[in-house]
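Dumped model.cif below, it's mmCIF, C-alpha atoms:
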data_target
#
loop_
_atom_site.label_atom_id
_atom_site.label_comp_id
_atom_site.auth_asym_id
_atom_site.auth_seq_id
_atom_site.Cartn_x
_atom_site.Cartn_y
_atom_site.Cartn_z
CA MET A 26 -86.75 -25.12 147.93
CA THR A 27 -86.61 -22.76 150.94
CA ARG A 28 -85.31 -19.22 150.65
CA THR A 29 -82.10 -20.19 152.47
CA GLN A 30 -81.52 -23.09 150.10
CA GLY A 31 -82.27 -20.82 147.16
CA PHE A 32 -79.76 -18.22 148.41
CA LEU A 33 -77.09 -20.89 149.01
CA ARG A 34 -77.72 -22.25 145.53
CA PHE A 35 -77.33 -18.74 144.09
CA LEU A 36 -74.07 -18.24 146.02
CA TRP A 37 -72.72 -21.61 144.81
CA ASP A 38 -73.62 -20.85 141.18
CA PHE A 39 -72.26 -17.30 141.49
CA VAL A 40 -68.91 -18.17 143.11
CA ILE A 41 -68.18 -21.79 142.21
CA GLY A 42 -70.06 -22.21 138.92
CA ASP A 43 -70.22 -25.32 136.77
CA ASP A 44 -66.91 -26.92 137.68
CA TRP A 45 -65.92 -26.82 141.38
CA ARG A 46 -62.44 -28.07 140.54
CA ILE A 47 -61.61 -24.67 138.99
CA ALA A 48 -62.27 -22.87 142.30
CA LEU A 49 -60.24 -25.51 144.17
CA ALA A 50 -57.31 -25.22 141.75
CA VAL A 51 -57.31 -21.40 141.92
CA THR A 52 -57.41 -21.38 145.75
CA SER A 53 -54.64 -24.00 145.99
CA ALA A 54 -52.46 -22.15 143.46
CA LEU A 55 -52.84 -18.84 145.35
CA LEU A 56 -51.89 -20.49 148.65
CA LEU A 57 -48.89 -22.27 147.10
CA THR A 58 -47.75 -19.03 145.44
CA LEU A 59 -47.94 -17.29 148.83
CA VAL A 60 -45.81 -20.02 150.42
CA LEU A 61 -43.23 -19.80 147.61
CA SER A 62 -43.15 -15.98 147.77
CA ASN A 63 -42.74 -15.92 151.54
CA ASN A 64 -39.78 -18.32 151.24
CA GLY A 65 -38.01 -16.04 148.80
CA ALA A 66 -38.59 -18.19 145.69
CA THR A 67 -39.66 -16.86 142.28
CA SER A 68 -43.38 -17.59 142.22
CA TRP A 69 -45.08 -15.62 139.42
CA TRP A 70 -45.02 -18.57 136.99
CA LEU A 71 -47.20 -20.84 139.14
CA LEU A 72 -50.59 -19.13 138.64
CA PRO A 73 -50.43 -19.00 134.80
CA LEU A 74 -49.32 -22.64 134.74
CA VAL A 75 -52.20 -23.75 136.98
CA VAL A 76 -54.68 -21.65 134.97
CA ALA A 77 -53.57 -23.24 131.68
CA ALA A 78 -53.65 -26.76 133.12
CA THR A 79 -57.00 -26.31 134.89
CA LEU A 80 -58.77 -24.78 131.89
CA SER A 81 -57.41 -27.49 129.59
CA ALA A 82 -58.43 -30.28 131.96
CA SER A 83 -61.92 -28.83 132.51
CA VAL A 84 -62.67 -28.30 128.81
CA TRP A 85 -61.03 -31.58 127.80
CA GLY A 86 -63.04 -33.47 130.45
CA ALA A 87 -66.31 -31.94 129.21
CA GLY A 88 -65.40 -32.99 125.66
CA ARG A 89 -64.36 -36.50 126.66
CA LYS A 90 -67.75 -37.17 128.25
CA GLN A 91 -69.33 -36.77 124.83
CA THR A 92 -66.89 -38.80 122.75
CA MET B 13 -56.35 8.92 130.81
CA THR B 14 -53.59 6.33 131.39
CA GLY B 15 -53.39 2.90 129.74
CA THR B 16 -54.41 1.21 133.00
CA GLN B 17 -57.46 3.45 133.28
CA ILE B 18 -58.46 2.69 129.68
CA GLY B 19 -58.12 -1.04 130.43
CA LEU B 20 -60.25 -0.61 133.57
CA VAL B 21 -63.00 1.27 131.71
CA ALA B 22 -63.03 -1.19 128.78
CA SER B 23 -63.15 -4.28 131.03
CA VAL B 24 -65.92 -2.94 133.27
CA PHE B 25 -67.93 -1.58 130.33
CA ILE B 26 -67.88 -4.86 128.34
CA ALA B 27 -68.57 -7.07 131.37
CA CYS B 28 -71.45 -4.86 132.55
CA THR B 29 -72.91 -4.70 129.02
CA VAL B 30 -73.31 -8.49 129.03
CA GLU B 31 -75.07 -8.46 132.42
CA ALA B 32 -77.31 -5.55 131.40
CA ILE B 33 -78.41 -7.33 128.21
CA GLU B 34 -79.48 -10.35 130.26
CA ALA B 35 -81.51 -8.20 132.68
CA LEU B 36 -83.05 -6.19 129.84
CA THR B 37 -84.20 -9.35 128.05
CA ILE B 38 -86.16 -10.42 131.13
CA VAL B 39 -87.73 -6.99 131.74
CA LEU B 40 -88.72 -6.56 128.10
CA ALA B 41 -90.32 -10.01 127.98
CA VAL B 42 -92.61 -9.45 130.98
CA GLY B 43 -93.19 -5.77 130.17
CA THR B 44 -94.24 -6.47 126.60
CA THR B 45 -96.49 -9.41 127.38
CA ARG B 46 -97.99 -8.49 130.76
CA SER B 47 -97.54 -5.15 132.52
CA TRP B 48 -94.99 -2.42 131.82
CA ARG B 49 -96.01 -0.55 134.98
CA SER B 50 -95.46 -3.52 137.30
CA ALA B 51 -92.26 -4.53 135.51
CA MET B 52 -90.85 -1.01 135.91
CA ILE B 53 -91.80 -0.96 139.62
CA GLY B 54 -89.83 -4.22 139.91
CA VAL B 55 -86.86 -2.56 138.20
CA GLY B 56 -87.09 0.46 140.52
CA VAL B 57 -87.24 -1.61 143.73
CA ALA B 58 -84.33 -3.80 142.55
CA LEU B 59 -82.25 -0.68 141.81
CA ALA B 60 -83.04 0.66 145.31
CA VAL B 61 -81.89 -2.62 146.90
CA LEU B 62 -78.74 -2.53 144.77
CA ALA B 63 -78.00 1.03 145.91
CA VAL B 64 -78.20 -0.09 149.57
CA VAL B 65 -75.96 -3.12 148.92
CA THR B 66 -73.43 -0.93 147.08
CA ALA B 67 -73.40 1.66 149.87
CA ALA B 68 -72.75 -1.13 152.41
CA LEU B 69 -70.16 -3.08 150.40
CA GLY B 70 -68.17 -0.19 148.92
CA PRO B 71 -66.60 1.25 152.08
CA ALA B 72 -66.06 -2.26 153.52
CA LEU B 73 -64.08 -3.30 150.45
CA THR B 74 -61.94 -0.18 150.28
CA ALA B 75 -61.11 -0.47 154.01
CA LEU B 76 -59.38 -3.86 153.58
CA PRO B 77 -55.56 -4.09 153.26
CA ILE B 78 -54.69 -3.90 149.57
CA ASN B 79 -52.87 -7.25 149.39
CA VAL B 80 -55.70 -9.15 151.10
CA LEU B 81 -58.16 -7.42 148.77
CA ARG B 82 -56.08 -8.28 145.70
CA ALA B 83 -55.66 -11.93 146.70
CA VAL B 84 -59.37 -12.45 147.46
CA ILE B 85 -60.70 -10.41 144.54
CA GLY B 86 -58.03 -11.76 142.19
CA GLY B 87 -58.98 -15.31 143.17
CA LEU B 88 -62.68 -14.62 142.63
CA LEU B 89 -62.07 -12.93 139.27
CA LEU B 90 -59.86 -15.80 138.21
CA THR B 91 -62.56 -18.33 139.16
CA PHE B 92 -65.28 -16.35 137.32
CA GLY B 93 -63.02 -15.71 134.34
CA LEU B 94 -62.13 -19.38 133.96
CA GLN B 95 -65.81 -20.38 134.19
CA TRP B 96 -66.71 -17.83 131.48
CA LEU B 97 -63.81 -18.94 129.29
CA ARG B 98 -64.74 -22.60 129.76
CA LYS B 99 -68.30 -21.92 128.60
CA ALA B 100 -67.08 -19.74 125.71
CA ILE B 101 -64.67 -22.47 124.52
CA LEU B 102 -67.37 -25.14 124.80
CA ARG B 103 -69.74 -22.92 122.78
CA ALA B 104 -67.11 -22.10 120.17
CA SER B 105 -66.24 -25.78 119.78
CA GLY B 106 -69.90 -26.79 119.43
CA LEU B 107 -70.18 -28.66 122.72
CA LYS B 108 -72.64 -26.19 124.21
CA ALA B 109 -75.50 -24.38 122.53
CA LEU B 110 -74.82 -20.72 121.74
CA HIS B 111 -76.58 -18.30 124.09
CA ASP B 112 -79.38 -16.78 122.09
CA GLU B 113 -81.10 -13.65 123.50
CA ALA B 114 -83.94 -14.04 121.00
CA ALA B 115 -84.60 -17.55 122.30
CA ALA B 116 -84.33 -16.35 125.91
CA PHE B 117 -86.83 -13.57 125.15
CA ALA B 118 -89.24 -16.07 123.55
CA LYS B 119 -88.95 -18.40 126.54
CA GLU B 120 -89.59 -15.59 129.07
CA THR B 121 -92.54 -14.40 126.98
CA GLU B 122 -94.04 -17.88 126.90
CA LEU B 123 -93.61 -18.25 130.69
CA ALA B 124 -95.19 -14.82 131.26
CA GLN B 125 -98.21 -15.65 129.11
CA ALA B 126 -98.61 -19.01 130.83
CA ALA B 127 -98.58 -17.40 134.28
CA GLY B 128 -102.28 -16.56 134.18
CA ILE B 129 -104.76 -13.89 133.27
CA LEU B 130 -103.88 -10.32 134.17
CA ASP B 131 -105.82 -8.17 136.59
CA ALA B 132 -106.24 -4.56 135.59
CA GLY B 133 -104.10 -3.35 138.51
CA PHE B 134 -100.73 -4.42 139.87
CA ASP B 135 -99.26 -7.56 138.28
CA GLY B 136 -97.22 -9.46 140.86
CA TYR B 137 -95.68 -11.78 138.27
CA SER B 138 -94.24 -8.92 136.20
CA PHE B 139 -92.97 -7.23 139.36
CA LEU B 140 -91.26 -10.32 140.77
CA VAL B 141 -89.67 -11.49 137.52
CA SER B 142 -88.32 -8.00 136.75
CA PHE B 143 -87.16 -7.51 140.34
CA LYS B 144 -85.34 -10.84 140.43
CA GLY B 145 -83.74 -10.41 137.01
CA VAL B 146 -82.50 -6.87 137.66
CA LEU B 147 -81.33 -7.68 141.21
CA LEU B 148 -79.31 -10.78 140.24
CA GLU B 149 -77.71 -9.28 137.13
CA GLY B 150 -77.30 -5.95 138.94
CA LEU B 151 -75.41 -7.65 141.78
CA GLU B 152 -72.94 -8.91 139.21
CA VAL B 153 -72.58 -5.38 137.78
CA VAL B 154 -71.98 -3.97 141.28
CA PHE B 155 -69.47 -6.72 142.05
CA ILE B 156 -67.54 -6.13 138.82
CA ALA B 157 -67.45 -2.34 139.28
CA LEU B 158 -66.46 -2.50 142.97
CA THR B 159 -63.77 -5.16 142.56
CA PHE B 160 -62.14 -3.67 139.48
CA GLY B 161 -62.44 -0.16 140.93
CA SER B 162 -61.06 -1.11 144.37
CA ASN B 163 -58.06 -2.89 142.92
CA GLN B 164 -57.15 0.07 140.72
CA LYS B 165 -58.03 2.50 143.52
CA ASP B 166 -60.50 4.19 141.19
CA VAL B 167 -64.02 3.10 142.13
CA PRO B 168 -65.64 6.26 140.66
CA LEU B 169 -64.16 5.54 137.20
CA ALA B 170 -65.26 1.88 137.34
CA ALA B 171 -68.73 2.93 138.55
CA ALA B 172 -69.00 5.45 135.70
CA ALA B 173 -68.06 2.75 133.15
CA ALA B 174 -70.64 0.36 134.67
CA LEU B 175 -73.33 3.05 134.66
CA ALA B 176 -72.52 3.96 131.04
CA ALA B 177 -72.86 0.30 130.01
CA VAL B 178 -76.22 -0.11 131.77
CA LEU B 179 -77.57 3.16 130.34
CA ALA B 180 -76.38 2.31 126.81
CA VAL B 181 -78.05 -1.10 126.91
CA ALA B 182 -81.24 0.28 128.49
CA CYS B 183 -81.54 3.08 125.89
CA ALA B 184 -80.85 0.70 122.99
CA GLY B 185 -83.26 -1.91 124.35
CA PHE B 186 -86.15 0.42 125.00
CA ALA B 187 -85.64 2.22 121.67
CA LEU B 188 -85.85 -1.11 119.87
CA LYS B 189 -88.39 -2.67 122.27
CA ALA B 190 -86.79 -6.01 121.45
CA PRO B 191 -84.02 -8.17 122.86
CA LEU B 192 -80.58 -7.18 121.71
CA ALA B 193 -80.23 -10.34 119.65
CA ARG B 194 -77.91 -8.66 117.19
CA VAL B 195 -75.32 -7.94 119.84
CA PRO B 196 -72.75 -10.76 119.55
CA GLU B 197 -73.17 -11.76 123.19
CA ASN B 198 -71.14 -14.94 122.93
CA THR B 199 -68.19 -12.99 121.54
CA LEU B 200 -68.58 -10.43 124.33
CA LYS B 201 -68.58 -13.26 126.88
CA PHE B 202 -65.38 -14.64 125.39
CA VAL B 203 -63.74 -11.20 125.71
CA VAL B 204 -65.02 -10.80 129.28
CA GLY B 205 -63.67 -14.25 130.18
CA VAL B 206 -60.24 -13.26 128.85
CA MET B 207 -60.27 -9.94 130.75
CA LEU B 208 -61.48 -11.43 134.05
CA THR B 209 -58.91 -14.23 133.86
CA SER B 210 -56.05 -11.85 133.00
CA PHE B 211 -56.90 -9.30 135.71
CA GLY B 212 -57.52 -12.17 138.15
CA LEU B 213 -54.10 -13.65 137.40
CA PHE B 214 -52.38 -10.29 137.80
CA TRP B 215 -54.12 -9.09 140.96
CA GLY B 216 -54.25 -12.54 142.56
CA GLY B 217 -50.51 -12.92 141.96
CA GLU B 218 -49.76 -9.48 143.39
CA GLY B 219 -51.96 -10.23 146.41
CA VAL B 220 -49.84 -13.29 147.29
CA HIS B 221 -46.58 -11.36 146.76
CA ALA B 222 -45.61 -12.74 143.35
CA ASP B 223 -43.39 -10.24 141.51
CA TRP B 224 -44.54 -10.10 137.89
CA PRO B 225 -41.69 -9.56 135.41
CA GLY B 226 -42.03 -6.02 134.12
CA GLY B 227 -44.41 -4.94 136.91
CA ASP B 228 -47.71 -3.46 135.67
CA THR B 229 -46.74 -4.04 132.02
CA ALA B 230 -47.09 -7.80 132.63
CA LEU B 231 -50.83 -7.25 132.19
CA LEU B 232 -50.18 -6.26 128.57
CA VAL B 233 -48.63 -9.68 128.03
CA LEU B 234 -51.14 -11.65 130.10
CA ILE B 235 -54.25 -10.41 128.21
CA PRO B 236 -53.13 -11.47 124.70
CA ALA B 237 -51.55 -14.65 126.08
CA VAL B 238 -54.83 -15.73 127.74
CA ALA B 239 -56.78 -14.80 124.59
CA LEU B 240 -54.46 -16.78 122.32
CA PHE B 241 -54.54 -19.78 124.64
CA ALA B 242 -58.37 -19.77 124.73
CA ILE B 243 -58.65 -19.34 120.94
CA GLY B 244 -56.16 -22.16 120.48
CA MET B 245 -58.15 -24.40 122.81
CA SER B 246 -61.37 -23.67 120.89
CA ALA B 247 -59.71 -24.53 117.59
CA GLY B 248 -58.14 -27.66 119.08
CA MET B 249 -61.47 -28.86 120.49
CA ARG B 250 -63.24 -28.24 117.17
CA ARG B 251 -60.64 -30.32 115.31
CA ARG B 252 -60.74 -33.07 117.92
CA LEU B 253 -64.52 -33.33 117.99
CA GLY B 254 -65.11 -33.19 114.27
CA ASP B 255 -68.80 -32.58 113.49
CA PRO B 256 -70.05 -30.00 116.04
CA ASP B 257 -73.71 -30.41 115.11
CA ARG B 258 -73.64 -33.96 116.45
CA LEU B 259 -72.62 -32.67 119.89
CA ARG B 260 -74.11 -29.16 120.08
CA GLY B 261 -75.84 -28.59 123.40
CA ALA B 262 -74.88 -32.02 124.63
CA VAL B 263 -72.91 -30.84 127.66
CA GLY B 264 -75.24 -29.85 130.48
CA VAL B 265 -73.22 -26.95 131.76
#
As structure tokens - that is how I would like this structure written.
Amino acid sequence: MTRTQGFLRFLWDFVIGDDWRIALAVTSALLLTLVLSNNGATSWWLLPLVVAATLSASVWGAGRKQT
Amino acid sequence: MTGTQIGLVASVFIACTVEAIEALTIVLAVGTTRSWRSAMIGVGVALAVLAVVTAALGPALTALPINVLRAVIGGLLLTFGLQWLRKAILRASGLKALHDEAAAFAKETELAQAAGILDAGFDGYSFLVSFKGVLLEGLEVVFIALTFGSNQKDVPLAAAAALAAVLAVACAGFALKAPLARVPENTLKFVVGVMLTSFGLFWGGEGVHADWPGGDTALLVLIPAVALFAIGMSAGMRRRLGDPDRLRGAVGV
């Protein structure tokens, strides 16, 4: 593994971690919240909802693989 | 000191304690088995690199517009927090082996002894392993202190909490000359996951113009709510999976 590859691997592990879907869900939820906020809608509820759903799905998926 | 400042200090201190324990375990393993002098040079060089990185990143972060900073940092904290919580829940439910500093110390010691016979002078292996361990864990400490500090507009307080955590762990570790196996690291990681997720939710939401009910006091609801949700998930997974020993360490995460 070259130094560049090693650094990219470190960055991926550091920022994205074990489940890339978590980073994708967080980014999407932030963007959607911004759209809702800028259109005058109440938007605070979206992030907690996405967090609960994403964490449940990620943990549940890891458990399902083993059962 | 206000409630927000106490929350800032507690969050940074606990998170940095976890990172410092991981770095200390590596340094102690190579120092004890190979060369203290070379290991400590590795620690010194890594700290110098960290100082340069901090000096470069600090002003850049504080110069950004506050909402952009909150959205980006909140998103990153939320991602980290959810990853930590995921691992903590998997460990608590028996799907992932508990992180054991004593085992990590034994593994590093074995690797150090297998790396070859020592010369009397400078030991490159001890230097590199210490340097890498302190630099990587130190980057996480710097990141935590800068992001929490920038968001609360109190970088000096966050930096002081981070420094206190590192010094406390270093003093305890070198006094004992052993890995801090008695520190309940998995419990600390669970707490850090809850704090990172809660602060990430709050700051990320504020960064994208979400108005939290109750303003800043929403954080006092978010932290226990996230903790209860994670504890509930751990309990639910344990009940669903039944015998944890059958599955322990089975998930490669």
**OP:** Would you translate the PyMOL selection byres ((chain A) within 8 of (chain B)) into the concrete set of residues it matches in this file, as number ranges by chain?
**Re:** A: 40-44, 47-48, 51-52, 55-56, 58-59, 62-63, 67-69, 72-73, 76-77, 80-81, 83-85, 87-88, 91-92
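The coordinates place CA of Val30 (chain B) at 12.7 Å from CA of Val146 (chain B).
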Subject >> Separation of CA of Leu59 (chain B) from CA of Leu147 (chain B) in Å >> reply: 7.1 Å
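Here CA of Phe139 (chain B) and CA of Ala35 (chain B) stand 13.3 Å from one another.
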Box in all listed atoms of region 144-159 of chain B, axis-aligned, with 8 Å more on each side; write out centre and edge lengths in Å to one decimal as lines of an AutoDock Vina configuration file.
center_x = -74.6
center_y = -6.6
center_z = 140.0
size_x = 37.6
size_y = 24.5
size_z = 22.0
Starting from the incomplete input, reconstruct N, CA and C atoms of region 32-45 of chain A and write that as an mmCIF file, keeping the file's coordinate frame.
data_model
loop_
_atom_site.group_PDB
_atom_site.id
_atom_site.type_symbol
_atom_site.label_atom_id
_atom_site.label_comp_id
_atom_site.auth_asym_id
_atom_site.auth_seq_id
_atom_site.Cartn_x
_atom_site.Cartn_y
_atom_site.Cartn_z
ATOM 1 N N PHE A 32 -80.871 -19.168 148.308
ATOM 2 C CA PHE A 32 -79.760 -18.220 148.410
ATOM 3 C C PHE A 32 -78.421 -18.951 148.329
ATOM 4 N N LEU A 33 -78.334 -20.117 149.053
ATOM 5 C CA LEU A 33 -77.090 -20.890 149.010
ATOM 6 C C LEU A 33 -76.808 -21.387 147.602
ATOM 7 N N ARG A 34 -77.867 -21.783 146.903
ATOM 8 C CA ARG A 34 -77.720 -22.250 145.530
ATOM 9 C C ARG A 34 -77.198 -21.115 144.626
ATOM 10 N N PHE A 35 -77.776 -19.909 144.860
ATOM 11 C CA PHE A 35 -77.330 -18.740 144.090
ATOM 12 C C PHE A 35 -75.851 -18.455 144.352
ATOM 13 N N LEU A 36 -75.466 -18.506 145.656
ATOM 14 C CA LEU A 36 -74.070 -18.240 146.020
ATOM 15 C C LEU A 36 -73.132 -19.254 145.367
ATOM 16 N N TRP A 37 -73.526 -20.547 145.397
ATOM 17 C CA TRP A 37 -72.720 -21.610 144.810
ATOM 18 C C TRP A 37 -72.556 -21.367 143.297
ATOM 19 N N ASP A 38 -73.676 -21.096 142.627
ATOM 20 C CA ASP A 38 -73.620 -20.850 141.180
ATOM 21 C C ASP A 38 -72.785 -19.614 140.867
ATOM 22 N N PHE A 39 -72.933 -18.578 141.729
ATOM 23 C CA PHE A 39 -72.260 -17.300 141.490
ATOM 24 C C PHE A 39 -70.746 -17.436 141.683
ATOM 25 N N VAL A 40 -70.334 -18.114 142.766
ATOM 26 C CA VAL A 40 -68.910 -18.170 143.110
ATOM 27 C C VAL A 40 -68.215 -19.391 142.506
ATOM 28 N N ILE A 41 -68.836 -20.540 142.629
ATOM 29 C CA ILE A 41 -68.180 -21.790 142.210
ATOM 30 C C ILE A 41 -68.454 -22.101 140.741
ATOM 31 N N GLY A 42 -69.711 -21.978 140.333
ATOM 32 C CA GLY A 42 -70.060 -22.210 138.920
ATOM 33 C C GLY A 42 -70.206 -23.674 138.570
ATOM 34 N N ASP A 43 -69.939 -23.976 137.291
ATOM 35 C CA ASP A 43 -70.220 -25.320 136.770
ATOM 36 C C ASP A 43 -69.194 -26.370 137.175
ATOM 37 N N ASP A 44 -67.960 -25.954 137.386
ATOM 38 C CA ASP A 44 -66.910 -26.920 137.680
ATOM 39 C C ASP A 44 -66.184 -26.514 138.963
ATOM 40 N N TRP A 45 -66.489 -27.194 140.080
ATOM 41 C CA TRP A 45 -65.920 -26.820 141.380
ATOM 42 C C TRP A 45 -64.407 -26.995 141.414
#
